[in-house]
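Here the structure is laid out as structure tokens; the discussion comes afterwards.
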2 protein chains.
Amino acid sequence: MPFYKEMEREDYLAAAEEWEGLIEAHRYADFRVQVSRYHMADIIEIFSFISDAYESRAFRLLTKEQAAEVFLSFDSERMERIISIVSDTELARMLDEMYMDDTVDIIEEMPAYIVKRILRNSTEEDRVALGKLLRYPQDSAGSIMTTEYLRFTGEQTVADALAYIRRVAIDKETIYTSYVTDKERHLLGIVTAKKLLISPTDTLLSEIMETHVISATTSEDREAVAMKFDKYGFLALPVVDAENRLVGIVTVDDAMEVLREEVEEDIAKMAGMSPSETPYLKTKVFTLFFSRVPWLLLLMISATFSSTILGIFESALPAVLVLFVPMLMDTGGNSGGQASVTLIRGLSLGEVSGRDVGKVVFKEARVGFLCGLAVAIVAFGKVMLVDHLLMQNPEVTVQVALAVAVSMLLTVLLAKLIGCLLPIGALRLGFDPAVMASPFITTIVDALALLMYFVISKNILAL
Amino acid sequence: MPFYKEMEREDYLAAAEEWEGLIEAHRYADFRVQVSRYHMADIIEIFSFISDAYESRAFRLLTKEQAAEVFLSFDSERMERIISIVSDTELARMLDEMYMDDTVDIIEEMPAYIVKRILRNSTEEDRVALGKLLRYPQDSAGSIMTTEYLRFTGEQTVADALAYIRRVAIDKETIYTSYVTDKERHLLGIVTAKKLLISPTDTLLSEIMETHVISATTSEDREAVAMKFDKYGFLALPVVDAENRLVGIVTVDDAMEVLREEVEEDIAKMAGMSPSETPYLKTKVFTLFFSRVPWLLLLMISATFSSTILGIFESALPAVLVLFVPMLMDTGGNSGGQASVTLIRGLSLGEVSGRDVGKVVFKEARVGFLCGLAVAIVAFGKVMLVDHLLMQNPEVTVQVALAVAVSMLLTVLLAKLIGCLLPIGALRLGFDPAVMASPFITTIVDALALLMYFVISKNILAL
């Protein structure tokens, strides 16, 4: 019974070792048979475990379809290495297998001499198309679209469309959506393969096309485009120029990729790091270092404010107050972090917009007051029961407990407000809200919390 | 020229108002025409802005296709309200429009009396299928699959398949992948619609089917299933029982939904909150309060350790040391947060596994040392230049600056190690690594950082 088992990491390692053995033994035919037994996605994984010594020989034994897919999975370093060893014929065959959007991705990452070789080995037609695609800005819909799609006019019939699909399907990235345009390529509607399959063959496409077409423009931000897939449940989205002329399509796999990259970027920024696209274990130590250290330094220097405030009040107030500084700082940071992360995700997902600032502040004020009250009551109880009664610390008086509790309440409330206002403010000023997450908020809230704490204590203890 | 413009929030509000006006004026035919002008996804959005007073009337004017889709977008409260006002006939028609997996989702959220009404108004066949689907655990592949898919035997031809698809396509969630099984429903292979369209009509399906089939089992975790879509680029994935018999399929839209939910859950937990599925502006204040306050309290109480350590050393050491506590605590928390968030994402995306602990620790140790060194040098410079030379604080000596710098180095290193070990440890113990993010790590690192700081200072200042 043919049943393909999903592979785990050890299976990949074992397969890579087996393949290397076959190459070592010059059993090239067996190697090819072996490779053909695996799912394409698994061939890609196995290749990532093939050591550098066997890499080029293994690669050149692949079919052109396999070679194209495996090549696309490589990082730019490995791509460069491979391009430098394959012949012009091999390169041309591989490029022919790829969709335009993938070739564009490669070209954008390769050094000039390799780009020249790629262009030289592309067909004239592809070269023109690539030239156009490469002119779109890097984060635009134009840069992730492909130009291989199915286009018909409304006067063609279902039979015409099916016959054409039968002939060209192999070269198109998706055949599940066809686009209907006029002679000048103005987009008029879309027809799904489902519709083609269930409609009588003599129906005109103009009769069955869906005219509620959502499209993107070439210059539109790729994240905004990806969000449309999510909202409308598309498998593909047409991309038009300023005159509504169809120039390409974006497919769902590329949209998913964009969404994943964007969410990982957000998460990295929220944790005070520069985003990286490489998987953790493959990221170099220095890359990790440089993605983290600027933030650490920036935040450390900002924390100086808190030190300054401590320095001003420390000598003037009872030393016992310092004991509760860590509790206050941590709680303030956590409260602010909760609010800011909630807001940042809401903004990213389009659930909250910059204009909702009034509603957001009102909501966070109420949540902040409730959280603050709960925290204050528990803090008061903890200080009285543990420090005052249990530990019998003579300096911890009811006044001290009260000062801690009131400071807690106000800190949590303030942290929630800062935590929601900063991300919205960043968005309005055109910055990325994701930077305004826990680490940054913590620094600000810390300083303000300390200031409030000492002022409140001074007043309460003077009573 | 028919060109459908994507709608913004104000457009939704304006449309909702217009629709309410048509209902108010009893212009029901106009209402229907108006609704039909919009894309389904936009109808859903507009409905979310229709006020409660018009909700039931607006809903009952929809076609059964529209009603089904709009209904599925409602929260459980609104669903309950709608079910209680529609007639049995309307309910049955709506249920007939829905795919099994959606009906299962509804049933899982509704109170028993409504579930009974739903089952009573389903066809006998659907009732049996629903009964089976409802028995799968909530987070399993079985719970998100649908039973409406295309199944053929290998002896059928392309023509047979196309003829069958033409007849039944309307009821199937996807027609882009067909499944080939034997008489006992054992899964043998898959055939894409693309393959059907480009193959000669008399070809047997067994000749063109892809036998490298990745499938899921009914009890498999839904997140693991969703990850397969990402890895293999599927539009649909077959779900089989323990005997490899096909029982359903999961489609790409459901997989995307699962992935999105899981990533938002991770983010919420990383920020010390319980995850919520409701959009921010629609979440009640008390819901937000209860999702946040337990964590705040837990973390506040944990911060008591830091206070205790401060209490022990505070009186025995020069007061000036306290000045640098905020800087040390913040930097420790940020360093640990960076490492933990990187690891948590790596684990979630399957880039890192529990067995990589050695590699991870080695990498973080090096990154931590480099970051720590950079931070220590800057901290030393800052303390010497600003506090010692510029502010002329007599208590800030070279020894103090050195104590701060050494503590910084060790704190950052330690924070990185704790930040990577805790998520991996949590995974190994069967907990969710996402909880081991910044807030939790901060609390632990704070206490340890203070302890190291005071011990180091004591030794350096005694020199």
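Numbering starts fresh at 1 for the residues of each chain in the structure tokens, the chains themselves are lettered A, B, ... in the order given, and ligands are numbered from 1 as they appear.
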
Practice prompt. With a distance threshold of 6 Å and counting only C-alpha atoms, extract the residues of chain A near chain B and express them as a list of chain:residue names.
Written response: A:Tyr4, A:His39, A:Ala41, A:Arg166, A:Leu197, A:Ile198, A:His212, A:Val213, A:Tyr232, A:Ala271, A:Val285, A:Phe289, A:Val293, A:Met300, A:Ala303, A:Ser307, A:Leu310, A:Gly311, A:Leu323, A:Phe324, A:Met327, A:Thr331, A:Gln338, A:Val367, A:Cys371

Same residues, C-alpha atoms, saved as an mmCIF file, in the first residue's frame:
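Final output, selection_12.cif:
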```cif
data_model
loop_
_atom_site.group_PDB
_atom_site.id
_atom_site.type_symbol
_atom_site.label_atom_id
_atom_site.label_comp_id
_atom_site.auth_asym_id
_atom_site.auth_seq_id
_atom_site.Cartn_x
_atom_site.Cartn_y
_atom_site.Cartn_z
ATOM 1 C CA TYR A 4 3.947 8.271 2.484
ATOM 2 C CA HIS A 39 7.994 14.500 -1.550
ATOM 3 C CA ALA A 41 9.209 19.471 0.433
ATOM 4 C CA ARG A 166 -5.135 22.218 -21.058
ATOM 5 C CA LEU A 197 -15.945 22.972 -14.487
ATOM 6 C CA ILE A 198 -19.625 23.283 -13.617
ATOM 7 C CA HIS A 212 -16.863 41.966 -7.504
ATOM 8 C CA VAL A 213 -13.140 41.842 -7.979
ATOM 9 C CA TYR A 232 -11.483 37.592 1.629
ATOM 10 C CA ALA A 271 11.098 41.865 22.395
ATOM 11 C CA VAL A 285 26.416 34.426 16.671
ATOM 12 C CA PHE A 289 24.677 39.900 18.708
ATOM 13 C CA VAL A 293 22.961 44.757 21.443
ATOM 14 C CA MET A 300 20.182 50.655 29.475
ATOM 15 C CA ALA A 303 17.136 53.430 32.461
ATOM 16 C CA SER A 307 18.682 55.964 38.610
ATOM 17 C CA LEU A 310 16.401 57.166 42.880
ATOM 18 C CA GLY A 311 19.460 59.335 43.530
ATOM 19 C CA LEU A 323 12.796 47.342 49.370
ATOM 20 C CA PHE A 324 9.626 47.667 47.333
ATOM 21 C CA MET A 327 8.092 44.871 42.977
ATOM 22 C CA THR A 331 4.579 45.235 38.047
ATOM 23 C CA GLN A 338 0.251 43.731 28.517
ATOM 24 C CA VAL A 367 -8.991 47.876 32.911
ATOM 25 C CA CYS A 371 -6.009 45.721 37.712
#
```

Discussion item. Please list as a count of residues only every residue within 10 Å of Leu402 of chain A, counting only C-alpha atoms and excluding residues in the same chain fewer than 3 positions away.
Written reply: 18

Worksheet item: Could you pull out all residues of segment 128-328 of chain B with a DSSP call of helix (DSSP H, G or I) and give them as a PyMOL selection string?
Response: chain B and resi 128-134+141-144+158-171+193-198+205-208+222-232+252-270+280-282+285-302+304-314+319-328

Export of the given selection (C-alpha atoms) as a tab-separated table (two decimals), in the first residue's frame:
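Result file is selection.tsv:
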```tsv
chain	number	residue	atom	x	y	z
B	128	VAL	CA	-24.83	11.14	11.48
B	129	ALA	CA	-21.78	12.98	10.13
B	130	LEU	CA	-22.08	15.71	12.78
B	131	GLY	CA	-22.32	13.11	15.51
B	132	LYS	CA	-19.05	11.61	14.38
B	133	LEU	CA	-17.24	14.95	14.03
B	134	LEU	CA	-18.39	16.10	17.45
B	141	ALA	CA	-7.49	17.47	13.23
B	142	GLY	CA	-10.86	15.70	13.43
B	143	SER	CA	-12.48	18.79	14.92
B	144	ILE	CA	-11.44	21.11	12.07
B	158	VAL	CA	-10.49	11.56	-15.87
B	159	ALA	CA	-13.79	11.85	-17.76
B	160	ASP	CA	-15.65	10.10	-14.91
B	161	ALA	CA	-14.08	12.46	-12.42
B	162	LEU	CA	-14.86	15.61	-14.43
B	163	ALA	CA	-18.45	14.50	-14.95
B	164	TYR	CA	-18.90	13.82	-11.24
B	165	ILE	CA	-17.30	17.14	-10.26
B	166	ARG	CA	-19.64	18.97	-12.64
B	167	ARG	CA	-22.58	17.41	-10.82
B	168	VAL	CA	-21.56	17.80	-7.18
B	169	ALA	CA	-19.00	20.65	-7.09
B	170	ILE	CA	-21.46	23.07	-5.56
B	171	ASP	CA	-21.61	21.05	-2.32
B	193	ALA	CA	-7.83	19.62	-10.60
B	194	LYS	CA	-4.86	20.88	-12.61
B	195	LYS	CA	-3.89	17.30	-13.41
B	196	LEU	CA	-7.49	16.47	-14.35
B	197	LEU	CA	-7.65	19.44	-16.69
B	198	ILE	CA	-4.44	18.67	-18.54
B	205	LEU	CA	-6.92	8.15	-12.11
B	206	SER	CA	-4.52	5.52	-10.78
B	207	GLU	CA	-2.11	6.49	-13.58
B	208	ILE	CA	-2.03	10.18	-12.79
B	222	ARG	CA	-4.57	20.82	14.87
B	223	GLU	CA	-1.49	23.05	15.14
B	224	ALA	CA	0.75	20.24	13.86
B	225	VAL	CA	-1.68	19.79	10.97
B	226	ALA	CA	-1.65	23.51	10.14
B	227	MET	CA	2.17	23.51	10.11
B	228	LYS	CA	2.07	20.87	7.37
B	229	PHE	CA	0.21	23.26	5.08
B	230	ASP	CA	2.96	25.76	5.60
B	231	LYS	CA	5.73	23.26	4.98
B	232	TYR	CA	4.25	21.48	1.97
B	252	VAL	CA	-6.10	25.78	3.66
B	253	ASP	CA	-8.39	28.52	5.00
B	254	ASP	CA	-8.97	26.56	8.21
B	255	ALA	CA	-5.24	25.89	8.50
B	256	MET	CA	-4.47	29.61	8.13
B	257	GLU	CA	-7.04	30.36	10.81
B	258	VAL	CA	-5.44	27.85	13.18
B	259	LEU	CA	-1.96	29.26	12.57
B	260	ARG	CA	-3.18	32.79	13.19
B	261	GLU	CA	-4.94	31.82	16.40
B	262	GLU	CA	-1.88	29.95	17.64
B	263	VAL	CA	0.50	32.82	16.96
B	264	GLU	CA	-1.80	35.31	18.71
B	265	GLU	CA	-2.07	32.91	21.65
B	266	ASP	CA	1.72	32.73	21.83
B	267	ILE	CA	2.06	36.50	21.73
B	268	ALA	CA	-0.52	36.98	24.48
B	269	LYS	CA	1.20	34.43	26.71
B	270	MET	CA	4.61	35.96	26.03
B	280	TYR	CA	-9.71	44.16	21.13
B	281	LEU	CA	-12.45	46.74	20.71
B	282	LYS	CA	-15.13	44.06	21.14
B	285	VAL	CA	-13.39	45.32	30.21
B	286	PHE	CA	-13.88	42.48	32.68
B	287	THR	CA	-12.61	39.92	30.18
B	288	LEU	CA	-9.45	41.97	29.70
B	289	PHE	CA	-9.15	42.39	33.46
B	290	PHE	CA	-9.40	38.66	34.15
B	291	SER	CA	-6.97	37.82	31.34
B	292	ARG	CA	-4.36	40.13	32.82
B	293	VAL	CA	-4.68	40.34	36.59
B	294	PRO	CA	-3.72	36.76	37.59
B	295	TRP	CA	-0.38	37.18	35.83
B	296	LEU	CA	0.25	40.59	37.35
B	297	LEU	CA	-0.40	39.22	40.84
B	298	LEU	CA	1.68	36.11	40.32
B	299	LEU	CA	4.61	38.11	38.97
B	300	MET	CA	4.31	40.75	41.68
B	301	ILE	CA	4.46	38.13	44.40
B	302	SER	CA	7.46	36.51	42.68
B	304	THR	CA	9.25	39.60	46.45
B	305	PHE	CA	12.46	37.58	46.16
B	306	SER	CA	14.21	40.63	44.76
B	307	SER	CA	12.93	42.70	47.67
B	308	THR	CA	14.20	40.14	50.14
B	309	ILE	CA	17.66	40.19	48.58
B	310	LEU	CA	17.66	44.00	48.58
B	311	GLY	CA	16.63	43.90	52.25
B	312	ILE	CA	19.46	41.59	53.22
B	313	PHE	CA	22.27	43.55	51.55
B	314	GLU	CA	20.95	47.09	51.59
B	319	ALA	CA	23.76	53.32	49.65
B	320	VAL	CA	25.14	54.48	46.31
B	321	LEU	CA	24.90	50.94	44.93
B	322	VAL	CA	21.09	51.18	44.92
B	323	LEU	CA	21.33	53.86	42.23
B	324	PHE	CA	22.30	51.32	39.61
B	325	VAL	CA	19.65	48.74	40.51
B	326	PRO	CA	17.07	49.92	37.92
B	327	MET	CA	19.67	49.85	35.13
B	328	LEU	CA	20.76	46.37	36.12
```

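Our summary of the geometry notes that atom CA of Ile23 of chain A is positioned 10.6 Å from atom CA of Ala53 of chain A.
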
Practice prompt. Would you please give, as a PyMOL selection string, all residues of segment 103-343 of chain A that DSSP assigns to strand (DSSP E) based on the backbone?
Written response: chain A and resi 150-152+177-181+187-192+216-217+236-240+246-251

Those selected residues, please, written with N, CA and C atoms and delivered as a PDB file, in the first residue's frame.
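Written output follows (selection-v4.pdb):
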```
ATOM      1  N   LEU A 150      -3.575  33.232 -16.086  1.00  0.00           N
ATOM      2  CA  LEU A 150      -4.471  32.941 -17.207  1.00  0.00           C
ATOM      3  C   LEU A 150      -5.350  34.157 -17.498  1.00  0.00           C
ATOM      4  N   ARG A 151      -5.280  34.640 -18.749  1.00  0.00           N
ATOM      5  CA  ARG A 151      -6.077  35.812 -19.102  1.00  0.00           C
ATOM      6  C   ARG A 151      -6.966  35.489 -20.297  1.00  0.00           C
ATOM      7  N   PHE A 152      -8.243  35.882 -20.215  1.00  0.00           N
ATOM      8  CA  PHE A 152      -9.182  35.667 -21.316  1.00  0.00           C
ATOM      9  C   PHE A 152      -9.962  36.950 -21.566  1.00  0.00           C
ATOM     10  N   THR A 177      -7.772  30.307 -10.804  1.00  0.00           N
ATOM     11  CA  THR A 177      -8.479  31.551 -11.082  1.00  0.00           C
ATOM     12  C   THR A 177      -8.025  32.064 -12.438  1.00  0.00           C
ATOM     13  N   SER A 178      -8.969  32.399 -13.312  1.00  0.00           N
ATOM     14  CA  SER A 178      -8.655  33.007 -14.601  1.00  0.00           C
ATOM     15  C   SER A 178      -9.150  34.446 -14.575  1.00  0.00           C
ATOM     16  N   TYR A 179      -8.493  35.301 -15.335  1.00  0.00           N
ATOM     17  CA  TYR A 179      -8.841  36.717 -15.321  1.00  0.00           C
ATOM     18  C   TYR A 179      -9.418  37.134 -16.657  1.00  0.00           C
ATOM     19  N   VAL A 180     -10.504  37.881 -16.603  1.00  0.00           N
ATOM     20  CA  VAL A 180     -11.154  38.351 -17.824  1.00  0.00           C
ATOM     21  C   VAL A 180     -10.831  39.840 -17.984  1.00  0.00           C
ATOM     22  N   THR A 181     -10.281  40.200 -19.134  1.00  0.00           N
ATOM     23  CA  THR A 181      -9.952  41.608 -19.389  1.00  0.00           C
ATOM     24  C   THR A 181     -10.471  42.010 -20.763  1.00  0.00           C
ATOM     25  N   LEU A 187      -8.882  45.026 -16.308  1.00  0.00           N
ATOM     26  CA  LEU A 187      -9.480  43.904 -15.580  1.00  0.00           C
ATOM     27  C   LEU A 187     -10.995  44.063 -15.490  1.00  0.00           C
ATOM     28  N   LEU A 188     -11.741  43.050 -15.932  1.00  0.00           N
ATOM     29  CA  LEU A 188     -13.199  43.116 -15.902  1.00  0.00           C
ATOM     30  C   LEU A 188     -13.821  42.152 -14.906  1.00  0.00           C
ATOM     31  N   GLY A 189     -13.183  41.012 -14.692  1.00  0.00           N
ATOM     32  CA  GLY A 189     -13.770  40.034 -13.782  1.00  0.00           C
ATOM     33  C   GLY A 189     -12.880  38.823 -13.620  1.00  0.00           C
ATOM     34  N   ILE A 190     -13.303  37.913 -12.737  1.00  0.00           N
ATOM     35  CA  ILE A 190     -12.542  36.675 -12.561  1.00  0.00           C
ATOM     36  C   ILE A 190     -13.473  35.478 -12.709  1.00  0.00           C
ATOM     37  N   VAL A 191     -12.895  34.358 -13.143  1.00  0.00           N
ATOM     38  CA  VAL A 191     -13.653  33.114 -13.262  1.00  0.00           C
ATOM     39  C   VAL A 191     -12.838  32.031 -12.561  1.00  0.00           C
ATOM     40  N   THR A 192     -13.444  31.342 -11.612  1.00  0.00           N
ATOM     41  CA  THR A 192     -12.716  30.273 -10.929  1.00  0.00           C
ATOM     42  C   THR A 192     -12.786  28.990 -11.744  1.00  0.00           C
ATOM     43  N   ALA A 216      -5.175  44.552  -6.177  1.00  0.00           N
ATOM     44  CA  ALA A 216      -4.158  45.380  -5.544  1.00  0.00           C
ATOM     45  C   ALA A 216      -3.488  46.191  -6.640  1.00  0.00           C
ATOM     46  N   THR A 217      -2.862  47.303  -6.269  1.00  0.00           N
ATOM     47  CA  THR A 217      -2.071  48.025  -7.263  1.00  0.00           C
ATOM     48  C   THR A 217      -0.603  47.676  -7.050  1.00  0.00           C
ATOM     49  N   ALA A 236      -5.775  33.617  -5.049  1.00  0.00           N
ATOM     50  CA  ALA A 236      -4.903  34.499  -5.831  1.00  0.00           C
ATOM     51  C   ALA A 236      -5.562  35.873  -5.927  1.00  0.00           C
ATOM     52  N   LEU A 237      -4.759  36.902  -6.091  1.00  0.00           N
ATOM     53  CA  LEU A 237      -5.276  38.271  -6.142  1.00  0.00           C
ATOM     54  C   LEU A 237      -4.656  38.979  -7.338  1.00  0.00           C
ATOM     55  N   PRO A 238      -5.498  39.613  -8.183  1.00  0.00           N
ATOM     56  CA  PRO A 238      -4.925  40.303  -9.346  1.00  0.00           C
ATOM     57  C   PRO A 238      -4.252  41.618  -8.935  1.00  0.00           C
ATOM     58  N   VAL A 239      -3.167  41.947  -9.640  1.00  0.00           N
ATOM     59  CA  VAL A 239      -2.470  43.208  -9.385  1.00  0.00           C
ATOM     60  C   VAL A 239      -2.600  44.063 -10.643  1.00  0.00           C
ATOM     61  N   VAL A 240      -3.065  45.296 -10.466  1.00  0.00           N
ATOM     62  CA  VAL A 240      -3.285  46.172 -11.627  1.00  0.00           C
ATOM     63  C   VAL A 240      -2.414  47.426 -11.529  1.00  0.00           C
ATOM     64  N   LEU A 246      -4.415  44.832 -15.910  1.00  0.00           N
ATOM     65  CA  LEU A 246      -3.855  43.678 -15.200  1.00  0.00           C
ATOM     66  C   LEU A 246      -2.376  43.502 -15.554  1.00  0.00           C
ATOM     67  N   VAL A 247      -1.503  43.456 -14.549  1.00  0.00           N
ATOM     68  CA  VAL A 247      -0.083  43.243 -14.824  1.00  0.00           C
ATOM     69  C   VAL A 247       0.472  41.995 -14.145  1.00  0.00           C
ATOM     70  N   GLY A 248      -0.262  41.416 -13.192  1.00  0.00           N
ATOM     71  CA  GLY A 248       0.254  40.215 -12.537  1.00  0.00           C
ATOM     72  C   GLY A 248      -0.714  39.705 -11.491  1.00  0.00           C
ATOM     73  N   ILE A 249      -0.328  38.621 -10.821  1.00  0.00           N
ATOM     74  CA  ILE A 249      -1.146  38.101  -9.722  1.00  0.00           C
ATOM     75  C   ILE A 249      -0.234  37.743  -8.549  1.00  0.00           C
ATOM     76  N   VAL A 250      -0.828  37.801  -7.356  1.00  0.00           N
ATOM     77  CA  VAL A 250      -0.128  37.316  -6.167  1.00  0.00           C
ATOM     78  C   VAL A 250      -0.863  36.052  -5.739  1.00  0.00           C
ATOM     79  N   THR A 251      -0.120  34.971  -5.423  1.00  0.00           N
ATOM     80  CA  THR A 251      -0.764  33.717  -5.034  1.00  0.00           C
ATOM     81  C   THR A 251      -0.741  33.539  -3.520  1.00  0.00           C
TER      82      THR A 251
END
```
